[in-house]
file input27.cif (mmCIF, C-alpha atoms and all ligand atoms)
data_coords
#
loop_
_atom_site.label_atom_id
_atom_site.label_comp_id
_atom_site.auth_asym_id
_atom_site.auth_seq_id
_atom_site.Cartn_x
_atom_site.Cartn_y
_atom_site.Cartn_z
CA MET C 25 13.54 54.59 -20.64
CA THR C 26 11.98 55.60 -17.33
CA ILE C 27 9.89 52.84 -15.84
CA VAL C 28 6.27 53.53 -14.93
CA ASP C 29 5.89 51.26 -11.92
CA LEU C 30 2.23 50.67 -11.09
CA ARG C 31 2.64 47.28 -9.40
CA SER C 32 2.05 48.62 -5.90
CA ASP C 33 2.45 51.64 -3.65
CA THR C 34 4.89 49.52 -1.63
CA ILE C 35 7.57 50.24 -4.27
CA THR C 36 7.93 53.87 -3.16
CA HIS C 37 11.38 55.06 -2.06
CA PRO C 38 11.96 57.39 0.89
CA THR C 39 11.88 61.10 0.05
CA PRO C 40 14.98 63.32 0.50
CA ALA C 41 13.40 64.74 3.70
CA MET C 42 13.00 61.19 5.03
CA ARG C 43 16.61 60.31 4.27
CA ARG C 44 17.80 63.42 6.12
CA ALA C 45 15.56 62.66 9.11
CA MET C 46 16.85 59.08 9.15
CA ALA C 47 20.48 60.19 9.13
CA GLU C 48 19.91 62.57 12.00
CA ALA C 49 17.50 60.47 14.09
CA GLU C 50 18.05 60.31 17.83
CA VAL C 51 17.96 56.65 18.83
CA GLY C 52 17.97 54.33 21.85
CA ASP C 53 17.07 50.73 22.63
CA ASP C 54 13.39 50.51 21.80
CA VAL C 55 12.94 47.16 23.58
CA PHE C 56 13.82 49.10 26.76
CA GLY C 57 11.36 51.79 25.57
CA GLU C 58 14.30 54.17 25.18
CA ASP C 59 14.15 55.20 21.54
CA PRO C 60 12.85 58.80 21.54
CA THR C 61 12.11 58.81 17.81
CA VAL C 62 10.05 55.62 17.95
CA ARG C 63 8.18 56.99 20.94
CA ARG C 64 7.45 60.23 19.12
CA LEU C 65 6.13 58.37 16.08
CA GLU C 66 3.94 56.15 18.29
CA GLU C 67 2.51 59.17 20.12
CA MET C 68 1.92 61.08 16.89
CA ALA C 69 0.15 58.12 15.30
CA ALA C 70 -2.06 57.49 18.34
CA GLU C 71 -2.98 61.17 18.53
CA ARG C 72 -3.91 61.29 14.83
CA LEU C 73 -6.08 58.19 15.13
CA GLY C 74 -7.67 59.29 18.39
CA LYS C 75 -6.31 56.34 20.38
CA GLU C 76 -4.43 56.18 23.69
CA ALA C 77 -1.26 54.54 22.46
CA GLY C 78 0.68 53.28 19.44
CA LEU C 79 3.20 50.55 18.65
CA PHE C 80 5.74 50.68 15.82
CA VAL C 81 5.96 47.35 13.98
CA ALA C 82 7.96 46.05 11.04
CA SER C 83 5.08 45.62 8.59
CA GLY C 84 1.35 45.63 8.04
CA THR C 85 1.35 41.85 8.34
CA MET C 86 3.03 42.06 11.74
CA GLY C 87 0.61 44.80 12.84
CA ASN C 88 -2.44 42.69 11.99
CA LEU C 89 -0.90 39.60 13.59
CA VAL C 90 0.05 41.22 16.91
CA SER C 91 -3.37 42.94 17.05
CA LEU C 92 -5.11 39.57 16.80
CA LEU C 93 -2.65 37.77 19.10
CA ALA C 94 -3.16 40.48 21.72
CA GLN C 95 -6.95 40.23 21.64
CA CYS C 96 -7.78 36.60 20.87
CA GLY C 97 -6.93 33.35 22.60
CA ARG C 98 -6.47 29.91 21.07
CA GLY C 99 -9.78 28.62 19.71
CA ASP C 100 -11.34 32.07 19.58
CA GLU C 101 -13.00 32.96 16.31
CA VAL C 102 -12.45 36.03 14.13
CA ILE C 103 -15.03 37.14 11.56
CA VAL C 104 -13.14 38.14 8.40
CA GLY C 105 -13.88 38.81 4.72
CA ASP C 106 -12.94 36.26 2.06
CA GLN C 107 -11.02 38.98 0.18
CA ALA C 108 -9.23 40.39 3.26
CA HIS C 109 -5.46 40.68 3.28
CA THR C 110 -5.45 39.08 6.76
CA TYR C 111 -7.21 36.06 5.29
CA MET C 112 -5.67 35.89 1.79
CA TYR C 113 -2.09 37.06 2.05
CA GLU C 114 -0.74 36.59 5.58
CA GLN C 115 -0.05 32.85 5.47
CA GLY C 116 -3.02 32.25 7.77
CA GLY C 117 -0.84 33.72 10.53
CA MET C 118 -3.76 34.11 12.93
CA ALA C 119 -4.35 30.34 12.77
CA ALA C 120 -0.76 29.22 12.31
CA LEU C 121 0.70 31.27 15.16
CA GLY C 122 -2.30 32.19 17.30
CA GLY C 123 -4.61 29.17 17.07
CA ILE C 124 -7.31 31.65 16.03
CA HIS C 125 -10.15 30.28 13.92
CA PRO C 126 -11.20 32.45 10.96
CA ARG C 127 -14.93 32.61 10.22
CA VAL C 128 -14.98 33.73 6.63
CA LEU C 129 -17.84 35.81 5.18
CA LYS C 130 -18.06 36.95 1.58
CA ASN C 131 -16.88 40.50 1.07
CA ARG C 132 -19.43 42.57 -0.81
CA PRO C 133 -18.06 44.29 -3.95
CA ASP C 134 -17.68 47.52 -1.95
CA GLY C 135 -15.36 45.82 0.55
CA THR C 136 -17.88 45.71 3.39
CA LEU C 137 -19.29 42.70 5.23
CA ASP C 138 -23.07 42.41 5.38
CA LEU C 139 -24.15 43.28 8.93
CA ASP C 140 -26.96 40.68 8.99
CA GLU C 141 -24.50 38.01 7.88
CA ILE C 142 -22.16 39.03 10.69
CA VAL C 143 -24.94 38.71 13.26
CA ALA C 144 -25.90 35.30 11.84
CA ALA C 145 -22.27 34.16 12.08
CA ILE C 146 -21.87 35.01 15.78
CA ARG C 147 -21.68 31.78 17.76
CA ASP C 148 -23.84 30.85 20.71
CA PRO C 149 -21.38 31.22 23.61
CA ASN C 150 -23.30 28.65 25.68
CA ASN C 151 -22.93 25.86 23.14
CA PRO C 152 -19.75 23.88 23.95
CA HIS C 153 -19.42 22.69 20.34
CA PHE C 154 -18.52 26.12 19.07
CA PRO C 155 -15.44 28.28 19.11
CA ARG C 156 -16.08 31.64 20.79
CA THR C 157 -16.63 34.60 18.47
CA ARG C 158 -14.24 37.25 19.72
CA LEU C 159 -13.47 39.83 17.05
CA ILE C 160 -14.53 41.26 13.68
CA THR C 161 -11.90 42.57 11.28
CA VAL C 162 -12.40 44.76 8.20
CA GLU C 163 -10.01 46.41 5.75
CA ASN C 164 -10.02 50.12 4.82
CA THR C 165 -9.29 50.87 2.05
CA HIS C 166 -10.11 47.41 0.75
CA ASN C 167 -7.29 46.28 -1.49
CA ARG C 168 -8.82 43.33 -3.38
CA CYS C 169 -12.20 45.05 -3.61
CA GLY C 170 -10.72 47.81 -5.76
CA GLY C 171 -9.11 50.00 -3.12
CA THR C 172 -12.52 51.33 -2.23
CA ALA C 173 -13.10 53.15 1.07
CA LEU C 174 -15.45 52.01 3.82
CA THR C 175 -17.44 55.03 5.00
CA VAL C 176 -17.81 56.53 8.48
CA ALA C 177 -21.51 55.54 8.46
CA TYR C 178 -20.62 51.90 7.78
CA MET C 179 -17.90 51.89 10.43
CA GLN C 180 -20.32 53.36 12.99
CA ALA C 181 -22.95 50.72 12.23
CA LEU C 182 -20.31 47.99 12.45
CA GLY C 183 -19.00 49.40 15.74
CA ALA C 184 -22.51 49.47 17.22
CA LEU C 185 -23.03 45.86 16.15
CA ALA C 186 -19.72 44.78 17.69
CA ARG C 187 -20.50 46.51 21.00
CA GLU C 188 -24.02 45.08 21.12
CA HIS C 189 -22.61 41.57 20.81
CA GLY C 190 -19.58 42.10 23.05
CA LEU C 191 -17.11 41.71 20.16
CA LEU C 192 -13.89 43.57 19.43
CA LEU C 193 -13.28 45.38 16.14
CA HIS C 194 -9.92 45.46 14.34
CA VAL C 195 -9.30 47.62 11.28
CA ASP C 196 -6.58 46.66 8.81
CA GLY C 197 -6.06 50.28 7.84
CA ALA C 198 -2.97 49.65 5.73
CA ARG C 199 -4.26 52.51 3.55
CA ILE C 200 -6.51 54.31 6.05
CA PHE C 201 -5.10 57.70 5.03
CA ASN C 202 -6.11 57.03 1.42
CA ALA C 203 -9.63 56.33 2.69
CA ALA C 204 -9.72 59.53 4.77
CA VAL C 205 -8.39 61.73 1.95
CA ALA C 206 -10.74 60.22 -0.65
CA LEU C 207 -13.82 60.52 1.58
CA GLY C 208 -12.87 63.97 2.87
CA VAL C 209 -13.12 62.82 6.50
CA THR C 210 -10.56 62.42 9.29
CA GLU C 211 -8.85 59.07 9.80
CA ARG C 212 -9.90 59.51 13.43
CA ALA C 213 -13.58 59.44 12.45
CA LEU C 214 -13.01 56.30 10.37
CA VAL C 215 -11.51 54.34 13.27
CA ALA C 216 -13.43 55.84 16.20
CA ASP C 217 -15.32 52.56 16.66
CA ALA C 218 -12.27 50.31 16.35
CA ASP C 219 -10.53 48.68 19.32
CA SER C 220 -7.37 48.26 17.27
CA VAL C 221 -6.05 49.66 14.00
CA THR C 222 -2.96 48.95 11.91
CA PHE C 223 -1.81 51.43 9.30
CA CYS C 224 1.19 51.31 6.98
CA LEU C 225 3.86 53.96 6.58
CA SER C 226 5.56 52.09 3.74
CA LYS C 227 2.81 52.20 1.12
CA GLY C 228 1.38 55.45 -0.28
CA LEU C 229 3.08 57.45 2.48
CA ALA C 230 6.44 56.38 0.99
CA ALA C 231 8.40 55.53 4.15
CA PRO C 232 10.83 52.66 3.55
CA VAL C 233 9.69 50.37 6.38
CA GLY C 234 7.06 50.07 9.05
CA SER C 235 3.50 50.21 10.27
CA VAL C 236 1.88 51.45 13.47
CA VAL C 237 -0.73 49.68 15.59
CA CYS C 238 -3.00 51.91 17.70
CA GLY C 239 -5.52 51.30 20.46
CA SER C 240 -5.99 51.52 24.21
CA ARG C 241 -3.00 51.54 26.56
CA ALA C 242 -3.91 48.07 27.87
CA PHE C 243 -4.23 46.67 24.33
CA ILE C 244 -0.91 48.16 23.25
CA ALA C 245 0.83 46.61 26.29
CA GLU C 246 -0.39 43.18 25.11
CA ALA C 247 0.46 43.94 21.48
CA ARG C 248 3.99 44.90 22.61
CA ARG C 249 4.38 41.46 24.21
CA ALA C 250 3.07 39.81 21.02
CA ARG C 251 5.51 41.87 18.92
CA LYS C 252 8.41 40.58 21.01
CA VAL C 253 7.47 36.91 20.61
CA VAL C 254 7.36 37.22 16.82
CA GLY C 255 10.81 38.80 16.84
CA GLY C 256 9.62 42.33 16.24
CA GLY C 257 11.60 44.08 19.00
CA MET C 258 13.78 46.29 16.80
CA ARG C 259 16.26 48.12 19.11
CA GLN C 260 17.51 51.40 17.50
CA ALA C 261 14.45 51.53 15.28
CA GLY C 262 14.39 55.34 15.46
CA VAL C 263 16.43 55.29 12.25
CA ILE C 264 13.37 54.00 10.38
CA ALA C 265 10.71 55.57 12.60
CA ALA C 266 12.17 58.98 11.65
CA ALA C 267 10.99 58.42 8.07
CA GLY C 268 7.55 57.49 9.43
CA ILE C 269 7.29 60.84 11.20
CA VAL C 270 8.05 62.65 7.94
CA ALA C 271 5.48 60.43 6.22
CA LEU C 272 2.75 61.53 8.63
CA GLU C 273 3.78 65.18 8.51
CA GLN C 274 4.32 65.59 4.78
CA MET C 275 2.85 62.77 2.74
CA VAL C 276 -0.82 62.48 3.68
CA GLU C 277 -2.49 65.35 1.80
CA ARG C 278 -0.64 64.57 -1.41
CA LEU C 279 -2.40 61.19 -1.62
CA ALA C 280 -5.12 63.20 -3.41
CA ASP C 281 -2.70 63.40 -6.39
CA ASP C 282 -2.45 59.61 -6.49
CA HIS C 283 -6.24 59.38 -6.44
CA ALA C 284 -6.55 61.88 -9.30
CA ASN C 285 -4.02 59.85 -11.32
CA ALA C 286 -5.95 56.66 -10.58
CA ARG C 287 -9.17 58.30 -11.79
CA ALA C 288 -7.44 59.41 -14.99
CA LEU C 289 -6.08 55.90 -15.48
CA ALA C 290 -9.51 54.33 -14.93
CA ALA C 291 -11.13 56.80 -17.35
CA GLY C 292 -8.48 56.11 -20.02
CA LEU C 293 -8.78 52.34 -19.56
CA ALA C 294 -12.55 52.55 -19.94
CA GLU C 295 -12.07 53.80 -23.50
CA LEU C 296 -9.91 50.86 -24.59
CA LYS C 297 -11.49 47.96 -26.48
CA GLY C 298 -10.85 44.62 -24.82
CA ILE C 299 -10.50 46.18 -21.37
CA GLN C 300 -13.13 46.19 -18.65
CA VAL C 301 -12.45 48.50 -15.72
CA GLU C 302 -13.89 47.52 -12.36
CA ALA C 303 -16.07 50.29 -10.94
CA VAL C 304 -15.82 51.24 -7.25
CA PRO C 305 -17.99 53.45 -5.03
CA VAL C 306 -14.94 55.49 -3.96
CA ARG C 307 -11.78 55.56 -6.09
CA THR C 308 -8.48 55.78 -4.20
CA ASN C 309 -5.08 54.79 -5.62
CA ILE C 310 -5.92 51.29 -6.84
CA VAL C 311 -7.42 50.34 -10.21
CA TYR C 312 -8.36 46.82 -11.24
CA PHE C 313 -9.24 45.92 -14.80
CA ASN C 314 -9.77 42.80 -16.88
CA ILE C 315 -8.44 41.89 -20.28
CA VAL C 316 -11.38 40.30 -22.06
CA ARG C 317 -9.83 39.38 -25.43
CA PRO C 318 -9.53 35.64 -26.14
CA ASP C 319 -6.02 36.03 -27.64
CA MET C 320 -4.41 37.53 -24.55
CA ASN C 321 -4.48 36.92 -20.78
CA ALA C 322 -3.31 39.02 -17.84
CA THR C 323 0.17 37.46 -17.69
CA GLN C 324 0.74 37.99 -21.41
CA LEU C 325 -0.51 41.57 -21.37
CA THR C 326 1.59 42.57 -18.34
CA ALA C 327 4.66 40.96 -19.95
CA ARG C 328 4.11 43.04 -23.10
CA LEU C 329 3.66 46.17 -20.97
CA ALA C 330 6.85 45.45 -19.02
CA GLU C 331 8.84 45.20 -22.28
CA GLN C 332 7.91 48.84 -22.81
CA GLY C 333 8.62 50.01 -19.31
CA VAL C 334 5.12 49.86 -17.82
CA ARG C 335 4.77 47.58 -14.84
CA MET C 336 1.41 46.30 -13.59
CA LEU C 337 0.48 43.24 -11.55
CA PRO C 338 -1.49 40.26 -12.93
CA VAL C 339 -3.70 39.09 -10.04
CA GLY C 340 -5.88 36.54 -11.82
CA PRO C 341 -6.12 34.87 -15.24
CA ARG C 342 -7.67 38.07 -16.69
CA ARG C 343 -7.43 40.51 -13.80
CA ILE C 344 -4.71 43.18 -13.53
CA ARG C 345 -3.96 45.66 -10.75
CA ALA C 346 -2.43 49.13 -11.19
CA VAL C 347 -1.61 51.25 -8.13
CA THR C 348 -0.68 54.91 -8.40
CA ASN C 349 1.93 56.24 -6.00
CA TYR C 350 4.35 59.04 -5.16
CA HIS C 351 6.68 58.27 -8.10
CA VAL C 352 3.95 58.15 -10.76
CA THR C 353 3.16 61.43 -12.51
CA ALA C 354 0.15 62.44 -14.61
CA GLU C 355 2.40 62.28 -17.72
CA GLN C 356 3.36 58.73 -16.84
CA ILE C 357 -0.32 57.77 -16.68
CA THR C 358 -0.76 59.19 -20.19
CA ARG C 359 2.25 57.17 -21.34
CA ALA C 360 1.03 53.96 -19.72
CA LEU C 361 -2.31 54.38 -21.51
CA ALA C 362 -0.57 55.06 -24.84
CA VAL C 363 1.57 51.92 -24.49
CA LEU C 364 -1.51 49.87 -23.63
CA ARG C 365 -3.44 51.31 -26.57
CA ALA C 366 -0.61 50.38 -28.93
CA ILE C 367 -0.38 46.83 -27.61
CA LEU C 368 -4.12 46.30 -27.99
CA ALA C 369 -4.25 47.81 -31.51
N1 LIG H 1 -0.34 44.53 0.40
C1 LIG H 1 0.59 44.29 -0.68
C2 LIG H 1 0.54 42.79 -1.08
O1 LIG H 1 0.78 41.99 0.01
C3 LIG H 1 -0.74 42.39 -1.72
C4 LIG H 1 0.23 45.16 -1.84
O2 LIG H 1 1.07 45.30 -2.75
O3 LIG H 1 -0.88 45.72 -1.86
N2 LIG H 1 -3.07 44.97 4.59
C5 LIG H 1 -3.33 45.34 3.33
C6 LIG H 1 -4.69 45.83 2.97
C7 LIG H 1 -2.32 45.28 2.35
O4 LIG H 1 -2.60 45.64 1.11
C8 LIG H 1 -1.03 44.83 2.73
C9 LIG H 1 0.09 44.73 1.71
C10 LIG H 1 -0.82 44.48 4.07
C11 LIG H 1 -1.86 44.55 4.98
C12 LIG H 1 0.51 43.96 4.57
O5 LIG H 1 1.47 44.93 4.63
P1 LIG H 1 3.05 44.55 4.63
O6 LIG H 1 3.39 44.26 3.20
O7 LIG H 1 3.69 45.74 5.19
O8 LIG H 1 3.19 43.34 5.50
#
call {"tool": "encode", "arguments": {"input": "input27.cif", "output": "structure tokens"}}
result
Amino acid sequence: MTIVDLRSDTITHPTPAMRRAMAEAEVGDDVFGEDPTVRRLEEMAAERLGKEAGLFVASGTMGNLVSLLAQCGRGDEVIVGDQAHTYMYEQGGMAALGGIHPRVLKNRPDGTLDLDEIVAAIRDPNNPHFPRTRLITVENTHNRCGGTALTVAYMQALGALAREHGLLLHVDGARIFNAAVALGVTERALVADADSVTFCLSKGLAAPVGSVVCGSRAFIAEARRARKVVGGGMRQAGVIAAAGIVALEQMVERLADDHANARALAAGLAELKGIQVEAVPVRTNIVYFNIVRPDMNATQLTARLAEQGVRMLPVGPRRIRAVTNYHVTAEQITRALAVLRAILA
């Protein structure tokens, strides 16, 4: 039985081209700045995102952390959504390791933060009772808000707001290429207003390890220091960066296939009794749905699915996440739906 693994796009294995590139990668000591493959990846990434410089890091979590450590001091405040990965799933790293105070606003269903609420949350810098508001962070695509994409228009309005109030803007762009492909815009346009961006190579782009942080040269110099203190200086990291280069060269356009499969999955789920699919303004590779029958919850349903080789992730008592990825074919989506239909019958 082949497994249909829809738990995440992080489960993807490196492609044959990546494995070859990894085997042949030219390497050096990256802490000395001497790994030519890492440098090439960093330059490529910065160029694609329209930023001056890039920094290869071990993970999306590390990318977000070093971005905040590089730009915020102890007691500074970061405006963040209540559904953001940086707030929900990174052990509160900004507070635990950086002494950074999160100011949490409710994410709207489309993953955005309300601009008026942001303005209202900005602290009076002259009042000594308050932490200093320093940075706003948003996520694109927004994982917990259904993998939906924040648009260029929203990002521009957010950027203008940040500049007007002297604040920095960080984008957790773990899946920024999914956003760009789904919206039919460049990733560069989506992050033009950001001071810092993290994107992941090891999700839909199928590289085995790594993320890249991009921004100005001065910011990247600070982020490089922050990476070292969290133990992220990786020496001959060209071996893994080589897969990242292949990811950027070969794996971006094909994300459209994952989005088409996710749309097919959402459409099929919508026809099943007892299932409620969550709608999104822009569908990428993530689908959330709820099991609304009293006799079955998310854990029970995903256990039944797993018995038949279909893996999905329960993320709440009734909420389930399915993420399409490089290894999931259109036929597998049909099979997953058939298995689900049979279980519910
Ligand atoms: N997300 C993982 C889980 O941690 C939830 C997943 O399976 O989706 N930003 C966003 C928006 C993410 O979704 C993730 C990972 C990260 C950052 C962190 O990336 P890694 O796992 O590389 O530290």
call {"tool": "closest_atom_pairs", "arguments": {"input": "input27.cif", "of": "chain C", "to": "ligand LIG 1 (chain H)", "cutoff": "8 Å", "atoms": "all atoms listed in the file", "output": "Markdown table"}}
result
| residue | atom | partner | partner_atom | distance |
| --- | --- | --- | --- | --- |
| C:Arg31 | CA | H:LIG1 | O2 | 7.1 |
| C:Ser32 | CA | H:LIG1 | O2 | 4.7 |
| C:Asp33 | CA | H:LIG1 | O2 | 6.6 |
| C:Thr34 | CA | H:LIG1 | O2 | 5.8 |
| C:Ala82 | CA | H:LIG1 | O7 | 7.2 |
| C:Ser83 | CA | H:LIG1 | O7 | 3.7 |
| C:Gly84 | CA | H:LIG1 | O5 | 3.5 |
| C:Thr85 | CA | H:LIG1 | O8 | 3.7 |
| C:Met86 | CA | H:LIG1 | O8 | 6.4 |
| C:Gly87 | CA | H:LIG1 | O8 | 7.9 |
| C:Asn88 | CA | H:LIG1 | C11 | 7.3 |
| C:Ala108 | CA | H:LIG1 | C6 | 7.1 |
| C:His109 | CA | H:LIG1 | N2 | 5.1 |
| C:Thr110 | CA | H:LIG1 | N2 | 6.7 |
| C:Tyr113 | CA | H:LIG1 | O1 | 6.1 |
| C:Glu114 | CA | H:LIG1 | C12 | 7.5 |
| C:Glu163 | CA | H:LIG1 | C6 | 6.0 |
| C:Asn164 | CA | H:LIG1 | C6 | 7.1 |
| C:Thr165 | CA | H:LIG1 | C6 | 6.9 |
| C:His166 | CA | H:LIG1 | C6 | 6.1 |
| C:Asn167 | CA | H:LIG1 | C6 | 5.2 |
| C:Arg168 | CA | H:LIG1 | C6 | 8.0 |
| C:Asp196 | CA | H:LIG1 | N2 | 5.7 |
| C:Gly197 | CA | H:LIG1 | C6 | 6.7 |
| C:Ala198 | CA | H:LIG1 | N2 | 4.8 |
| C:Arg199 | CA | H:LIG1 | C6 | 6.7 |
| C:Cys224 | CA | H:LIG1 | O7 | 6.4 |
| C:Ser226 | CA | H:LIG1 | O7 | 6.8 |
| C:Lys227 | CA | H:LIG1 | O7 | 7.7 |
| C:Val233 | CA | H:LIG1 | O7 | 7.7 |
| C:Gly234 | CA | H:LIG1 | O7 | 6.7 |
| C:Ser235 | CA | H:LIG1 | O7 | 6.8 |
call {"tool": "residues_around", "arguments": {"input": "input27.cif", "residues": "region 324-328 of chain C", "least_positions_apart": "4", "cutoff": "12 Å", "atoms": "only C-alpha atoms", "output": "count of residues only"}}
result
35
call {"tool": "atom_distance", "arguments": {"input": "input27.cif", "atom1": "CA of Leu73 (chain C)", "atom2": "CA of Thr353 (chain C)"}}
result
29.3 Å
call {"tool": "residues_around", "arguments": {"input": "input27.cif", "residues": "region 246-256 of chain C", "least_positions_apart": "4", "cutoff": "6 Å", "atoms": "all atoms listed in the file", "output": "PDB file with C-alpha atoms, keeping the file's coordinate frame"}}
result
ATOM      1  CA  VAL C  90       0.050  41.220  16.910  1.00  0.00           C
ATOM      2  CA  SER C  91      -3.370  42.940  17.050  1.00  0.00           C
ATOM      3  CA  ALA C  94      -3.160  40.480  21.720  1.00  0.00           C
TER       4      ALA C  94
END
call {"tool": "residues_around", "arguments": {"input": "input27.cif", "residues": "region 180-195 of chain C", "least_positions_apart": "6", "cutoff": "6 Å", "atoms": "only C-alpha atoms", "output": "number ranges by chain"}}
result
C: 158-163, 217-221
call {"tool": "decode", "arguments": {"input": "input27.cif", "residues": "region 32-56 of chain C", "atoms": "N, CA and C atoms", "output": "PDB file, in the first residue's frame"}}
result
ATOM      1  N   SER C  32       1.962  17.251   6.012  1.00  0.00           N
ATOM      2  CA  SER C  32       2.655  18.540   5.836  1.00  0.00           C
ATOM      3  C   SER C  32       3.442  18.498   4.533  1.00  0.00           C
ATOM      4  N   ASP C  33       3.895  19.675   4.088  1.00  0.00           N
ATOM      5  CA  ASP C  33       4.840  19.698   2.967  1.00  0.00           C
ATOM      6  C   ASP C  33       6.280  19.578   3.473  1.00  0.00           C
ATOM      7  N   THR C  34       6.442  19.510   4.800  1.00  0.00           N
ATOM      8  CA  THR C  34       7.786  19.301   5.361  1.00  0.00           C
ATOM      9  C   THR C  34       8.251  17.858   5.194  1.00  0.00           C
ATOM     10  N   ILE C  35       7.346  16.958   4.814  1.00  0.00           N
ATOM     11  CA  ILE C  35       7.699  15.528   4.702  1.00  0.00           C
ATOM     12  C   ILE C  35       8.395  15.205   3.379  1.00  0.00           C
ATOM     13  N   THR C  36       8.490  16.173   2.496  1.00  0.00           N
ATOM     14  CA  THR C  36       9.064  15.931   1.163  1.00  0.00           C
ATOM     15  C   THR C  36      10.533  15.514   1.231  1.00  0.00           C
ATOM     16  N   HIS C  37      10.892  14.569   0.371  1.00  0.00           N
ATOM     17  CA  HIS C  37      12.282  14.105   0.283  1.00  0.00           C
ATOM     18  C   HIS C  37      12.984  14.837  -0.855  1.00  0.00           C
ATOM     19  N   PRO C  38      14.318  14.959  -0.761  1.00  0.00           N
ATOM     20  CA  PRO C  38      15.051  15.617  -1.857  1.00  0.00           C
ATOM     21  C   PRO C  38      14.885  14.875  -3.177  1.00  0.00           C
ATOM     22  N   THR C  39      14.846  15.632  -4.269  1.00  0.00           N
ATOM     23  CA  THR C  39      14.690  15.037  -5.598  1.00  0.00           C
ATOM     24  C   THR C  39      16.028  14.419  -6.035  1.00  0.00           C
ATOM     25  N   PRO C  40      16.017  13.558  -7.062  1.00  0.00           N
ATOM     26  CA  PRO C  40      17.282  13.001  -7.562  1.00  0.00           C
ATOM     27  C   PRO C  40      18.279  14.103  -7.954  1.00  0.00           C
ATOM     28  N   ALA C  41      17.800  15.184  -8.568  1.00  0.00           N
ATOM     29  CA  ALA C  41      18.707  16.292  -8.941  1.00  0.00           C
ATOM     30  C   ALA C  41      19.331  16.918  -7.701  1.00  0.00           C
ATOM     31  N   MET C  42      18.563  17.007  -6.629  1.00  0.00           N
ATOM     32  CA  MET C  42      19.112  17.559  -5.369  1.00  0.00           C
ATOM     33  C   MET C  42      20.188  16.644  -4.804  1.00  0.00           C
ATOM     34  N   ARG C  43      19.914  15.337  -4.825  1.00  0.00           N
ATOM     35  CA  ARG C  43      20.901  14.394  -4.267  1.00  0.00           C
ATOM     36  C   ARG C  43      22.212  14.452  -5.045  1.00  0.00           C
ATOM     37  N   ARG C  44      22.091  14.594  -6.369  1.00  0.00           N
ATOM     38  CA  ARG C  44      23.327  14.707  -7.183  1.00  0.00           C
ATOM     39  C   ARG C  44      24.069  15.990  -6.837  1.00  0.00           C
ATOM     40  N   ALA C  45      23.331  17.091  -6.759  1.00  0.00           N
ATOM     41  CA  ALA C  45      23.966  18.383  -6.443  1.00  0.00           C
ATOM     42  C   ALA C  45      24.630  18.337  -5.073  1.00  0.00           C
ATOM     43  N   MET C  46      23.999  17.644  -4.141  1.00  0.00           N
ATOM     44  CA  MET C  46      24.560  17.537  -2.788  1.00  0.00           C
ATOM     45  C   MET C  46      25.862  16.752  -2.799  1.00  0.00           C
ATOM     46  N   ALA C  47      25.860  15.672  -3.570  1.00  0.00           N
ATOM     47  CA  ALA C  47      27.064  14.817  -3.626  1.00  0.00           C
ATOM     48  C   ALA C  47      28.244  15.567  -4.230  1.00  0.00           C
ATOM     49  N   GLU C  48      27.927  16.457  -5.167  1.00  0.00           N
ATOM     50  CA  GLU C  48      29.004  17.127  -5.898  1.00  0.00           C
ATOM     51  C   GLU C  48      29.312  18.525  -5.379  1.00  0.00           C
ATOM     52  N   ALA C  49      28.638  18.950  -4.325  1.00  0.00           N
ATOM     53  CA  ALA C  49      28.753  20.352  -3.883  1.00  0.00           C
ATOM     54  C   ALA C  49      30.181  20.716  -3.488  1.00  0.00           C
ATOM     55  N   GLU C  50      30.598  21.897  -3.955  1.00  0.00           N
ATOM     56  CA  GLU C  50      31.866  22.470  -3.504  1.00  0.00           C
ATOM     57  C   GLU C  50      31.612  23.059  -2.121  1.00  0.00           C
ATOM     58  N   VAL C  51      32.490  22.796  -1.168  1.00  0.00           N
ATOM     59  CA  VAL C  51      32.233  23.291   0.187  1.00  0.00           C
ATOM     60  C   VAL C  51      33.435  24.007   0.780  1.00  0.00           C
ATOM     61  N   GLY C  52      33.219  24.696   1.873  1.00  0.00           N
ATOM     62  CA  GLY C  52      34.272  25.361   2.644  1.00  0.00           C
ATOM     63  C   GLY C  52      33.693  25.627   4.021  1.00  0.00           C
ATOM     64  N   ASP C  53      34.452  26.340   4.864  1.00  0.00           N
ATOM     65  CA  ASP C  53      33.945  26.623   6.205  1.00  0.00           C
ATOM     66  C   ASP C  53      33.075  27.875   6.153  1.00  0.00           C
ATOM     67  N   ASP C  54      31.783  27.677   6.287  1.00  0.00           N
ATOM     68  CA  ASP C  54      30.844  28.789   6.119  1.00  0.00           C
ATOM     69  C   ASP C  54      30.931  29.817   7.253  1.00  0.00           C
ATOM     70  N   VAL C  55      31.415  29.400   8.440  1.00  0.00           N
ATOM     71  CA  VAL C  55      31.567  30.387   9.518  1.00  0.00           C
ATOM     72  C   VAL C  55      32.681  31.387   9.144  1.00  0.00           C
ATOM     73  N   PHE C  56      33.665  30.926   8.370  1.00  0.00           N
ATOM     74  CA  PHE C  56      34.673  31.837   7.801  1.00  0.00           C
ATOM     75  C   PHE C  56      34.168  32.523   6.525  1.00  0.00           C
TER      76      PHE C  56
END
